[in-house]
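Below you'll find the structure, written out as structure tokens, and then a few comments.
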Amino acid sequence: MLFQKKNKSLFSNKSGSHSERPRLTLGSPFAIKEAFNSIRTKLIFTGKGEKCPVFAVTSSLASDGKSTAAVSLAVSIAMAEQRVLLIDADMRKPSVHRYFSTEYRNGLSEILAGLSSEIKLRSTDIDKLSILTAGQIPPNPAELLGTKQMDLLLDYVRQYFDYVIIDTPPVSIVTDATIFADKITGYIMVVQSGKNHLQDVSNAVRQIEEMKGNIVGIILNDPENKTAAHYSYRYNKYYRYNRYKYYGESNADSRK
Ligand SMILES: Nc1ncnc2c1ncn2[C@@H]1O[C@H](COP(=O)(O)OP(=O)(O)OP(=O)(O)O)[C@@H](O)[C@H]1O
Ligand SMILES: [Mg+2]
């Protein structure tokens with residue numbers, strides 16, 4: 001695995017401490033920090049003017065690197081002295097808590113189901129970064145994400161943070177990620193190099209589009225790229241939404 005070198009994560013910090021799962025830390029190599037800083041800069045421009053932009057990180061399929069990218073992006077924004085809340089909206093397969101060695105219970109699902117009136121935000125080892133874990137796994141995640149409680153939650157946290165990043169399940173597998181499309185600033189799609197077919201990505205884009213979602217950019221995750229060991233997250237290009245759409249349509253034409 002690219003982040004592993006001599007049994008040591010390239011993401012681990014210089015003090016030797018590291019999280020349960022690899023992600024960006026203060027001690028990560030310069031190249032990895034730079035890759036996320038580049039994405040962060042683009043996002044900051046994308047959300048300019050909005051009080052607290054809310055970005056959801058998603059992808060077409062499972063294990064594309066969504067959670068790792070969402071966590072690392074949130075860390076990168078917090079490192080730029082912005083207050084960030086990272087929400088784990090993958091209530092089927094929670095994972096944000098694993099990057100911060102905490103537990104997932106008492107989080108989003110309890111709030112959305114009305115089981116808890118307290119919003120339990122957890123602080124992290126990164127100054128200015130808080131997380132809202134997924135909560136207990138509910139029987140109806142998509143339904144919960146479509147409730148009025150979700151609107152209220154986002155309105156509430158927007159008062160206290162500069163950015164909200166939401167980790168989500170894969171768009172082509174479950175509908176959860178697109179349910180709140182009209183409530184957020186936009187989606188960041190993670191595309192895994194050598195794994196995702198263009199048709200998978202096009203389908204995911206179409207699903208987001210059908211729900212009136214806005215795709216603000218793409219992260220090319222390239223975990224197996226041997227030639228770019230230090231650039232395992234390559235920021236390829238921030239496609240404008242229209243350009244991406246054109247790209248998908250052009251591919252559809254070529255299949256006729
Ligand atoms: N660039 C990378 N280099 C090496 N390993 C990576 C990279 N990106 C992700 N991984 C690893 O791949 C696995 C899946 O990543 P992650 O959990 O972020 O994907 P996901 O899209 O959120 O998956 P899911 O759909 O299950 O939520 C994890 O073990 C993660 O550490
Ligand atoms: Mg995930």
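Starting from 1 in every chain, residues are counted up; chains themselves are A, B, ... following the order of the structure tokens, and ligands are numbered from 1 as listed.
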Dump the neighbourhood of ligand 2 as an mmCIF file with N, CA and C atoms, in the first residue's frame: all residues within 9 Å, distances computed on only C-alpha atoms and all ligand atoms.
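Final output, part39.cif:
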```
data_model
loop_
_atom_site.group_PDB
_atom_site.id
_atom_site.type_symbol
_atom_site.label_atom_id
_atom_site.label_comp_id
_atom_site.auth_asym_id
_atom_site.auth_seq_id
_atom_site.Cartn_x
_atom_site.Cartn_y
_atom_site.Cartn_z
ATOM 1 N N THR A 58 -17.890 12.271 -1.955
ATOM 2 C CA THR A 58 -18.508 11.008 -2.341
ATOM 3 C C THR A 58 -17.766 10.365 -3.505
ATOM 4 N N ALA A 62 -17.754 1.580 -3.587
ATOM 5 C CA ALA A 62 -17.155 1.394 -2.251
ATOM 6 C C ALA A 62 -15.630 1.408 -2.345
ATOM 7 N N SER A 63 -15.002 1.826 -1.252
ATOM 8 C CA SER A 63 -13.530 1.770 -1.100
ATOM 9 C C SER A 63 -12.742 2.583 -2.118
ATOM 10 N N ASP A 64 -13.335 3.658 -2.605
ATOM 11 C CA ASP A 64 -12.603 4.520 -3.544
ATOM 12 C C ASP A 64 -11.651 5.477 -2.823
ATOM 13 N N GLY A 65 -11.839 5.613 -1.512
ATOM 14 C CA GLY A 65 -10.989 6.539 -0.753
ATOM 15 C C GLY A 65 -11.729 7.771 -0.267
ATOM 16 N N LYS A 66 -13.055 7.717 -0.231
ATOM 17 C CA LYS A 66 -13.866 8.868 0.200
ATOM 18 C C LYS A 66 -13.532 9.325 1.612
ATOM 19 N N SER A 67 -13.578 8.375 2.554
ATOM 20 C CA SER A 67 -13.396 8.763 3.959
ATOM 21 C C SER A 67 -11.991 9.297 4.202
ATOM 22 N N THR A 68 -11.002 8.653 3.622
ATOM 23 C CA THR A 68 -9.628 9.117 3.799
ATOM 24 C C THR A 68 -9.476 10.530 3.226
ATOM 25 N N ALA A 70 -11.981 12.742 2.744
ATOM 26 C CA ALA A 70 -12.799 13.698 3.522
ATOM 27 C C ALA A 70 -12.069 14.098 4.800
ATOM 28 N N ASP A 88 -19.763 12.462 9.787
ATOM 29 C CA ASP A 88 -19.797 11.127 9.187
ATOM 30 C C ASP A 88 -21.241 10.792 8.840
ATOM 31 N N ASP A 90 -21.993 8.496 6.684
ATOM 32 C CA ASP A 90 -22.071 7.100 6.255
ATOM 33 C C ASP A 90 -22.511 6.282 7.466
ATOM 34 N N LYS A 93 -21.815 2.355 7.304
ATOM 35 C CA LYS A 93 -20.467 1.837 7.508
ATOM 36 C C LYS A 93 -19.603 2.975 8.053
ATOM 37 N N PRO A 94 -19.860 3.360 9.298
ATOM 38 C CA PRO A 94 -19.165 4.528 9.858
ATOM 39 C C PRO A 94 -17.654 4.333 9.880
ATOM 40 N N SER A 95 -16.928 5.395 9.575
ATOM 41 C CA SER A 95 -15.463 5.231 9.646
ATOM 42 C C SER A 95 -14.706 6.457 10.126
ATOM 43 N N VAL A 96 -15.325 7.629 10.132
ATOM 44 C CA VAL A 96 -14.581 8.833 10.540
ATOM 45 C C VAL A 96 -13.961 8.653 11.934
ATOM 46 N N ASP A 167 -18.723 13.207 5.050
ATOM 47 C CA ASP A 167 -18.318 11.936 4.436
ATOM 48 C C ASP A 167 -19.588 11.130 4.148
ATOM 49 N N THR A 168 -19.653 10.523 2.987
ATOM 50 C CA THR A 168 -20.894 9.847 2.575
ATOM 51 C C THR A 168 -20.626 8.449 2.014
ATOM 52 N N PRO A 169 -21.681 7.649 1.874
ATOM 53 C CA PRO A 169 -21.538 6.346 1.207
ATOM 54 C C PRO A 169 -21.476 6.532 -0.319
ATOM 55 N N PRO A 170 -21.143 5.465 -1.047
ATOM 56 C CA PRO A 170 -21.042 5.576 -2.508
ATOM 57 C C PRO A 170 -22.391 5.811 -3.181
#
```
Residues near A:Lys148, cut-off 12 Å, only C-alpha atoms, skip fewer than 2 positions along chain, as a list in words: Ile111, Leu112, Ala113, Gly114, Glu143, Leu144, Leu145, Gly146, Met150, Asp151, Leu152, Leu153, Leu154, Asp155, Ile179, Phe180 and Lys183 of chain A
DSSP on the backbone, alpha helix (DSSP H) only: what residues of stretch 60-112 of chain A does that give? Format it as JSON, numbers by chain. {"A": [66, 67, 68, 69, 70, 71, 72, 73, 74, 75, 76, 77, 78, 79, 108, 109, 110, 111, 112]}
Pairwise distance for atom CA of A:Ile166 and atom CA of A:Gly194, rounded to one decimal in Å: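 Atom-to-atom, atom CA of A:Ile166 to atom CA of A:Gly194, that is 25.0 Å.
Considering only stretch 100-174 of chain A, backbone DSSP assigns strand (DSSP E or B) to Arg122, Ser123, Leu129, Ser130, Ile131, Leu132, Tyr163, Val164, Ile165, Ile166 and Asp167 of chain A.
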Between atom CA of A:Gly27 and atom 11 (C, counted along the ligand's line) of ligand 1, distance in Å (one decimal):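 Computed distance, atom CA of A:Gly27 to atom 11 (C, counted along the ligand's line) of ligand 1, equals 18.8 Å.
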Which is closer to A:Phe161 than all the others in A:Gln82, A:Ser59, A:Asn140, A:Ser109, using only C-alpha atoms?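 So, comparing all the options, the nearest one is A:Gln82.
Our summary of the geometry notes that atom CA of A:Asn203 is positioned 18.0 Å from atom 27 (O, counted along the ligand's line) of ligand 1.
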